[in-house]
file query_3.cif (mmCIF, C-alpha atoms)
data_structure
#
loop_
_atom_site.label_atom_id
_atom_site.label_comp_id
_atom_site.auth_asym_id
_atom_site.auth_seq_id
_atom_site.Cartn_x
_atom_site.Cartn_y
_atom_site.Cartn_z
CA MET A 70 -17.71 -13.60 26.00
CA LYS A 71 -16.95 -11.91 22.68
CA PRO A 72 -16.12 -14.35 19.82
CA LEU A 73 -12.59 -13.01 19.27
CA ASP A 74 -11.86 -13.37 23.01
CA ASP A 75 -12.67 -17.09 22.80
CA VAL A 76 -9.19 -18.65 22.51
CA HIS A 77 -10.51 -21.89 21.00
CA LEU A 78 -12.55 -20.13 18.31
CA LYS A 79 -9.69 -17.75 17.55
CA LYS A 80 -7.36 -20.73 17.12
CA ASN A 81 -9.88 -22.43 14.80
CA LEU A 82 -10.33 -19.26 12.77
CA SER A 83 -6.59 -18.80 12.45
CA ALA A 84 -6.19 -22.45 11.36
CA ALA A 85 -9.00 -22.06 8.82
CA PHE A 86 -7.38 -18.87 7.52
CA HIS A 87 -4.07 -20.64 6.98
CA THR A 88 -5.54 -23.81 5.50
CA ARG A 89 -5.88 -23.21 1.79
CA PRO A 90 -6.15 -25.71 -1.05
CA ALA A 91 -3.03 -26.02 -3.22
CA PHE A 92 -3.13 -23.40 -5.92
CA GLU A 93 -2.29 -24.39 -9.50
CA ILE A 94 -0.34 -21.58 -11.14
CA SER A 95 -1.20 -21.50 -14.82
CA PRO A 96 1.79 -22.29 -17.08
CA LEU A 97 1.55 -18.94 -18.85
CA TRP A 98 1.49 -16.88 -15.69
CA GLN A 99 5.29 -16.55 -15.37
CA GLN A 100 5.71 -15.76 -19.08
CA ASN A 101 3.05 -13.04 -18.86
CA THR A 102 4.63 -11.58 -15.75
CA MET A 103 8.07 -11.50 -17.38
CA ARG A 104 6.54 -9.89 -20.48
CA CYS A 105 5.15 -7.09 -18.28
CA ILE A 106 8.56 -6.69 -16.61
CA ARG A 107 10.33 -6.52 -20.00
CA ASP A 108 7.78 -3.92 -21.15
CA ILE A 109 8.82 -1.74 -18.21
CA GLY A 110 12.45 -2.19 -19.28
CA PRO A 111 15.64 -1.67 -17.29
CA LEU A 112 15.27 0.44 -14.18
CA LYS A 113 16.27 3.92 -15.30
CA PRO A 114 17.44 6.60 -12.85
CA SER A 115 14.11 8.39 -13.30
CA ILE A 116 12.29 5.35 -11.88
CA ILE A 117 14.72 5.13 -8.97
CA PRO A 118 13.26 7.08 -6.06
CA GLN A 119 15.76 9.69 -4.79
CA PRO A 120 16.35 10.26 -1.08
CA ALA A 121 14.68 13.40 0.29
CA LYS A 122 17.91 15.45 0.60
CA TYR A 123 18.75 14.93 -3.08
CA ALA A 124 15.21 15.82 -4.10
CA PHE A 125 15.48 19.04 -2.06
CA ALA A 126 18.85 19.96 -3.61
CA GLU A 127 17.42 19.33 -7.06
CA LEU A 128 14.47 21.60 -6.29
CA VAL A 129 16.79 24.36 -5.04
CA TRP A 130 18.85 24.26 -8.26
CA LYS A 131 15.69 24.25 -10.38
CA MET A 132 14.40 27.34 -8.59
CA ALA A 133 17.79 29.15 -8.59
CA PRO A 134 17.32 31.07 -11.92
CA ALA A 135 13.91 32.32 -10.78
CA PHE A 136 15.34 33.49 -7.45
CA CYS A 137 18.22 35.27 -9.22
CA MET A 138 15.80 37.07 -11.55
CA LEU A 139 13.66 38.13 -8.60
CA LEU A 140 16.72 39.44 -6.77
CA ILE A 141 17.87 41.44 -9.82
CA ILE A 142 14.38 42.95 -10.24
CA LEU A 143 14.25 43.93 -6.56
CA ILE A 144 17.73 45.52 -6.63
CA THR A 145 16.94 47.40 -9.87
CA GLY A 146 13.69 48.60 -8.33
CA MET A 147 15.41 49.82 -5.19
CA VAL A 148 18.13 51.60 -7.18
CA SER A 149 15.58 53.28 -9.44
CA MET A 150 13.62 54.44 -6.36
CA ASP A 151 16.84 55.97 -5.00
CA LEU A 152 16.41 54.27 -1.65
CA SER A 153 20.04 54.68 -0.60
CA LEU A 154 20.90 54.52 3.07
CA ASP A 155 21.95 58.22 3.18
CA THR A 156 18.62 59.39 1.78
CA VAL A 157 16.64 57.33 4.22
CA ILE A 158 18.65 58.54 7.23
CA ASN A 159 18.53 62.22 6.15
CA ASP A 160 14.81 62.00 5.50
CA SER A 161 14.15 60.44 8.85
CA PHE A 162 15.82 63.39 10.59
CA ILE A 163 14.48 66.22 8.42
CA GLU A 164 10.93 65.30 7.51
CA ASP A 165 8.27 62.72 8.13
CA PRO A 166 9.95 59.57 6.75
CA VAL A 167 6.71 58.01 5.51
CA VAL A 168 5.66 61.07 3.50
CA THR A 169 9.18 61.51 2.13
CA LEU A 170 9.41 57.92 1.12
CA TYR A 171 6.09 57.88 -0.72
CA SER A 172 6.55 61.30 -2.29
CA GLY A 173 9.92 60.04 -3.57
CA ILE A 174 8.29 56.99 -5.07
CA PHE A 175 5.32 58.66 -6.71
CA TRP A 176 6.67 62.12 -7.67
CA GLY A 177 10.36 61.37 -8.09
CA MET B 212 14.42 -17.16 8.07
CA PRO B 213 16.36 -16.97 4.78
CA ASP B 214 19.76 -18.66 4.88
CA GLU B 215 22.95 -16.75 4.22
CA THR B 216 23.61 -18.40 0.84
CA GLN B 217 20.14 -17.45 -0.37
CA THR B 218 20.68 -13.85 0.79
CA THR B 219 24.00 -13.68 -1.09
CA ARG B 220 22.36 -15.12 -4.21
CA ASP B 221 19.51 -12.61 -3.91
CA THR B 222 21.97 -9.74 -3.46
CA ASP B 223 23.82 -10.77 -6.65
CA THR B 224 20.57 -11.09 -8.60
CA ILE B 225 19.33 -7.69 -7.36
CA ARG B 226 22.63 -6.06 -8.42
CA ARG B 227 22.29 -7.61 -11.88
CA ILE B 228 18.73 -6.30 -12.21
CA LEU B 229 19.75 -2.82 -11.05
CA ALA B 230 22.60 -2.90 -13.58
CA GLY B 231 19.98 -3.30 -16.33
CA ASP B 232 19.64 -7.10 -16.66
CA VAL B 233 15.84 -7.30 -16.81
CA ASN B 234 15.83 -11.07 -17.42
CA ALA B 235 17.55 -11.68 -14.08
CA PHE B 236 14.23 -10.87 -12.46
CA GLU B 237 13.00 -14.29 -13.60
CA ILE B 238 15.33 -15.80 -10.96
CA ILE B 239 13.50 -13.81 -8.30
CA ILE B 240 10.14 -15.01 -9.65
CA ASP B 241 11.35 -18.62 -9.72
CA ASN B 242 12.62 -18.46 -6.15
CA TYR B 243 9.75 -16.58 -4.58
CA LYS B 244 6.58 -17.26 -6.56
CA ASN B 245 5.39 -19.92 -4.10
CA PHE B 246 6.03 -17.57 -1.20
CA ILE B 247 4.18 -14.69 -2.89
CA PHE B 248 1.28 -16.92 -3.96
CA SER B 249 0.91 -18.26 -0.42
CA ILE B 250 0.48 -14.68 0.86
CA VAL B 251 -1.85 -13.59 -1.95
CA GLN B 252 -4.01 -16.69 -1.59
CA ARG B 253 -4.76 -15.81 2.03
CA HIS B 254 -5.92 -12.28 1.29
CA VAL B 255 -7.79 -12.30 -2.04
CA PRO B 256 -10.47 -14.51 -3.64
CA PRO B 257 -9.15 -17.38 -5.83
CA GLU B 258 -10.17 -15.72 -9.11
CA LEU B 259 -7.93 -12.73 -8.33
CA VAL B 260 -4.87 -14.59 -7.07
CA GLU B 261 -2.85 -14.74 -10.32
CA ASP B 262 -3.48 -11.11 -11.29
CA THR B 263 -2.64 -9.89 -7.79
CA ALA B 264 0.56 -11.96 -7.66
CA GLN B 265 1.58 -10.55 -11.05
CA GLU B 266 0.89 -7.00 -9.88
CA ALA B 267 2.89 -7.69 -6.71
CA PHE B 268 5.92 -8.83 -8.74
CA ILE B 269 5.66 -5.76 -10.99
CA ARG B 270 5.58 -3.51 -7.94
CA ILE B 271 8.52 -5.38 -6.42
CA TYR B 272 10.51 -4.88 -9.64
CA LYS B 273 9.72 -1.16 -9.78
CA ALA B 274 10.56 -0.70 -6.10
CA LEU B 275 13.87 -2.61 -6.22
CA PRO B 276 16.06 0.52 -6.35
CA GLY B 277 14.55 1.62 -3.05
CA LEU B 278 15.47 -1.61 -1.24
CA ASP B 279 17.67 -0.60 1.72
CA HIS B 280 18.60 -3.89 3.36
CA GLU B 281 19.02 -6.81 1.01
CA SER B 282 19.05 -9.17 4.01
CA ARG B 283 15.43 -8.22 4.65
CA PHE B 284 14.41 -8.85 1.02
CA ARG B 285 11.84 -11.51 1.91
CA GLN B 286 10.02 -9.35 4.48
CA TRP B 287 10.20 -6.38 2.12
CA MET B 288 8.54 -8.42 -0.65
CA ALA B 289 5.89 -9.69 1.78
CA SER B 290 5.08 -6.14 2.76
CA ILE B 291 4.68 -5.02 -0.88
CA THR B 292 2.55 -8.10 -1.61
CA ILE B 293 0.21 -7.46 1.33
CA ARG B 294 -0.23 -3.84 0.23
CA THR B 295 -1.00 -5.04 -3.30
CA CYS B 296 -3.60 -7.45 -1.89
CA TYR B 297 -5.16 -4.60 0.08
CA ASP B 298 -5.38 -2.44 -3.08
CA THR B 299 -6.89 -5.35 -5.03
CA MET B 300 -9.50 -5.88 -2.35
CA ARG B 301 -10.41 -2.19 -2.33
CA THR B 302 -11.06 -2.29 -6.08
CA TYR B 303 -12.86 -5.62 -5.74
CA TYR B 304 -15.17 -4.28 -3.02
CA ARG B 305 -15.96 -1.19 -5.09
CA SER B 306 -16.90 -3.23 -8.17
CA ARG B 307 -18.88 -5.67 -6.02
CA GLU B 308 -20.85 -2.80 -4.44
CA ILE B 309 -21.77 -1.49 -7.90
CA SER B 310 -22.92 -4.87 -9.15
CA MET B 311 -25.01 -5.49 -6.01
CA THR B 312 -26.63 -2.04 -6.02
CA ALA B 313 -27.29 -2.35 -9.75
CA LEU B 314 -29.68 -5.21 -9.03
CA ALA B 315 -33.36 -4.47 -8.58
CA GLY B 316 -34.87 -4.97 -5.10
CA ASP B 317 -36.30 -8.44 -5.76
CA GLY B 318 -33.19 -9.59 -7.58
CA GLU B 319 -31.02 -8.51 -4.70
CA HIS B 320 -33.14 -10.48 -2.22
CA ALA B 321 -33.02 -13.49 -4.51
CA VAL B 322 -29.22 -13.38 -4.60
CA GLU B 323 -29.05 -12.92 -0.84
CA ASN B 324 -31.44 -15.83 -0.25
CA ARG B 325 -29.47 -18.00 -2.62
CA LEU B 326 -26.19 -17.11 -0.94
CA THR B 327 -27.67 -17.87 2.46
CA GLU B 328 -29.12 -21.14 1.20
CA GLN B 329 -25.76 -22.13 -0.29
CA ALA B 330 -24.00 -21.29 2.97
CA ARG B 331 -26.56 -23.27 4.99
CA ALA B 332 -26.15 -26.24 2.68
CA ALA B 333 -22.37 -26.00 3.03
CA PHE B 334 -22.75 -25.84 6.81
CA ARG B 335 -24.89 -28.97 6.80
CA ASN B 336 -22.68 -31.03 4.51
CA ASP B 337 -19.11 -30.06 5.30
CA CYS B 338 -16.93 -31.04 8.21
CA ASN B 339 -15.98 -28.71 11.06
CA VAL B 340 -12.91 -27.13 9.42
CA ASN B 341 -14.88 -26.31 6.31
CA GLU B 342 -17.67 -24.82 8.42
CA THR B 343 -15.20 -22.57 10.17
CA LYS B 344 -13.62 -21.65 6.84
CA ALA B 345 -16.96 -20.74 5.30
CA MET B 346 -17.97 -18.74 8.34
CA LEU B 347 -14.64 -16.91 8.36
CA SER B 348 -14.86 -16.20 4.65
CA ARG B 349 -18.41 -14.84 4.94
CA ALA B 350 -17.49 -12.77 8.00
CA LEU B 351 -14.42 -11.29 6.28
CA ASP B 352 -16.50 -10.46 3.23
CA GLN B 353 -18.73 -8.27 5.37
CA LEU B 354 -15.85 -6.14 6.62
CA THR B 355 -14.53 -3.04 4.87
CA PRO B 356 -11.19 -3.62 3.05
CA GLU B 357 -9.34 -1.65 5.78
CA ASN B 358 -10.91 -3.62 8.62
CA ARG B 359 -10.48 -6.88 6.74
CA ILE B 360 -6.73 -6.48 6.19
CA LEU B 361 -6.24 -5.55 9.86
CA ILE B 362 -8.22 -8.55 11.14
CA GLU B 363 -6.20 -10.78 8.81
CA LEU B 364 -2.83 -9.34 9.80
CA ILE B 365 -3.31 -8.81 13.53
CA TYR B 366 -5.82 -11.42 14.67
CA LEU B 367 -5.30 -14.22 12.17
CA GLU B 368 -1.62 -13.92 11.22
CA GLY B 369 -0.42 -12.62 14.58
CA TYR B 370 1.44 -9.48 13.50
CA SER B 371 1.86 -6.78 16.16
CA ILE B 372 0.24 -3.34 15.76
CA LYS B 373 3.68 -1.88 14.95
CA GLU B 374 4.44 -4.54 12.33
CA ALA B 375 1.01 -4.12 10.71
CA ALA B 376 1.54 -0.34 10.62
CA SER B 377 4.93 -0.81 8.98
CA ILE B 378 3.56 -3.27 6.39
CA LEU B 379 0.62 -1.07 5.43
CA GLY B 380 2.49 2.23 5.66
CA TRP B 381 -0.06 3.61 8.14
CA SER B 382 0.65 5.33 11.46
CA THR B 383 0.62 3.18 14.61
CA ALA B 384 -2.16 5.31 16.11
CA ASN B 385 -4.29 4.82 12.99
CA VAL B 386 -3.75 1.06 13.08
CA LYS B 387 -4.60 0.94 16.81
CA ILE B 388 -7.90 2.78 16.31
CA ARG B 389 -8.84 0.82 13.20
CA ALA B 390 -7.87 -2.48 14.82
CA TYR B 391 -10.15 -1.73 17.76
CA ARG B 392 -13.06 -0.87 15.43
CA SER B 393 -12.46 -3.85 13.17
CA ARG B 394 -12.36 -6.15 16.18
CA GLN B 395 -15.71 -4.80 17.37
CA GLN B 396 -17.21 -5.19 13.88
CA MET B 397 -15.82 -8.73 13.53
CA ASN B 398 -17.15 -9.71 16.98
CA LYS B 399 -20.61 -8.51 16.00
CA ILE B 400 -20.54 -10.42 12.69
CA LEU B 401 -19.19 -13.62 14.26
CA LYS B 402 -21.78 -13.45 17.03
CA HIS B 403 -24.51 -13.16 14.42
CA HIS B 404 -23.11 -16.15 12.50
CA LEU B 405 -22.69 -18.26 15.62
CA GLU B 406 -26.23 -17.55 16.82
CA ALA B 407 -27.76 -18.24 13.40
#

call {"tool": "encode", "arguments": {"input": "query_3.cif", "output": "structure tokens"}}
result
Amino acid sequence: MKPLDDVHLKKNLSAAFHTRPAFEISPLWQQNTMRCIRDIGPLKPSIIPQPAKYAFAELVWKMAPAFCMLLIILITGMVSMDLSLDTVINDSFIEDPVVTLYSGIFWG
Amino acid sequence: MPDETQTTRDTDTIRRILAGDVNAFEIIIDNYKNFIFSIVQRHVPPELVEDTAQEAFIRIYKALPGLDHESRFRQWMASITIRTCYDTMRTYYRSREISMTALAGDGEHAVENRLTEQARAAFRNDCNVNETKAMLSRALDQLTPENRILIELIYLEGYSIKEAASILGWSTANVKIRAYRSRQQMNKILKHHLEA
């Protein structure tokens, strides 16, 4: 039989684990602990962990300016390349659309 | 089980602390230091008990804003304390490994012989409970910190796999596998001690 399967031994081990001599807490322990707590100071909102949905919303708002800039750059780029819907449709019917597209980009 | 009056008092104290009254935390320490010390004492060596209890209270203070159910304050504190004990033991094992490996070959054997001799002497002189205690302590010392905390929680304190997983913040599957391994390791160590 394995030692931990022996009910009697397991009971003895558990009793031994729970039997501890009385521990004398040093008189300064509480003062030291409170000093550490006071050093941390009042719990500010930054220490308070936010729920996941708030953290996500915060991230979205932080990234918003970058996304807007990227969008503006893309739109400006598309306008400067003259990639209007009419041009694309005409080109697809008249010539090879791939060649037209790239010739438009590189040679204006 | 905490009584209703105590829960109400705790709720008021927690609200005061969250409102910025740092000194109100002393009420929590006064009310629960014996409870926290009783947990810490079971999981760490005597020389580390005070530091670990202090660290546990600091962690409890910092985590207070995240407390969901004030009625489960006691269990919540116990969980943080057990995790703190586990972290302390991990650091303790690491430093102990360094100091043991730093010894020269002969020195290491000398320490081992001395430890064994001390244990044998203790076995001869002490009564049955003390024998079991010494054997348990030596067996636990040979386990890894992960296996040790699982043996303590599941086999000695009687927590379920799910409860142990919740306390340690590990997945249930992880706890199941580790518990099985730690049980095997503990059986081997105990067998060795019992045969010696």

call {"tool": "resolve_selection", "arguments": {"input": "query_3.cif", "expression": "the PyMOL selection byres ((chain B) within 7 of (chain A))", "output": "mmCIF file with C-alpha atoms, in the coordinates of the input"}}
result
data_model
loop_
_atom_site.group_PDB
_atom_site.id
_atom_site.type_symbol
_atom_site.label_atom_id
_atom_site.label_comp_id
_atom_site.auth_asym_id
_atom_site.auth_seq_id
_atom_site.Cartn_x
_atom_site.Cartn_y
_atom_site.Cartn_z
ATOM 1 C CA LEU B 229 19.750 -2.820 -11.050
ATOM 2 C CA GLY B 231 19.980 -3.300 -16.330
ATOM 3 C CA ASP B 232 19.640 -7.100 -16.660
ATOM 4 C CA VAL B 233 15.840 -7.300 -16.810
ATOM 5 C CA GLU B 237 13.000 -14.290 -13.600
ATOM 6 C CA ARG B 253 -4.760 -15.810 2.030
ATOM 7 C CA GLN B 265 1.580 -10.550 -11.050
ATOM 8 C CA ILE B 269 5.660 -5.760 -10.990
ATOM 9 C CA PRO B 276 16.060 0.520 -6.350
ATOM 10 C CA GLY B 277 14.550 1.620 -3.050
ATOM 11 C CA VAL B 340 -12.910 -27.130 9.420
ATOM 12 C CA THR B 343 -15.200 -22.570 10.170
ATOM 13 C CA LYS B 344 -13.620 -21.650 6.840
ATOM 14 C CA LEU B 347 -14.640 -16.910 8.360
ATOM 15 C CA LEU B 367 -5.300 -14.220 12.170
ATOM 16 C CA ASN B 398 -17.150 -9.710 16.980
ATOM 17 C CA LEU B 401 -19.190 -13.620 14.260
ATOM 18 C CA LYS B 402 -21.780 -13.450 17.030
#

call {"tool": "atom_distance", "arguments": {"input": "query_3.cif", "atom1": "atom CA of Leu128 of chain A", "atom2": "atom CA of Leu143 of chain A"}}
result
22.3 Å

call {"tool": "atom_distance", "arguments": {"input": "query_3.cif", "atom1": "atom CA of Thr218 of chain B", "atom2": "atom CA of Ile271 of chain B"}}
result
16.5 Å

call {"tool": "atom_distance", "arguments": {"input": "query_3.cif", "atom1": "atom CA of Tyr366 of chain B", "atom2": "atom CA of Ile400 of chain B"}}
result
14.9 Å

call {"tool": "closest_residue", "arguments": {"input": "query_3.cif", "among": "B:Gln395, B:Asn242, B:Ser348, B:Ser382", "to": "Arg285 of chain B", "atoms": "only C-alpha atoms"}}
result
B:Asn242

call {"tool": "resolve_selection", "arguments": {"input": "query_3.cif", "expression": "the PyMOL selection byres ((chain B and resi 290-305) around 10)", "output": "number ranges by chain"}}
result
B: 247-248, 250-256, 259-260, 262-268, 270-271, 274, 284-289, 306-310, 352-357, 359-361, 364, 374-375, 377-380
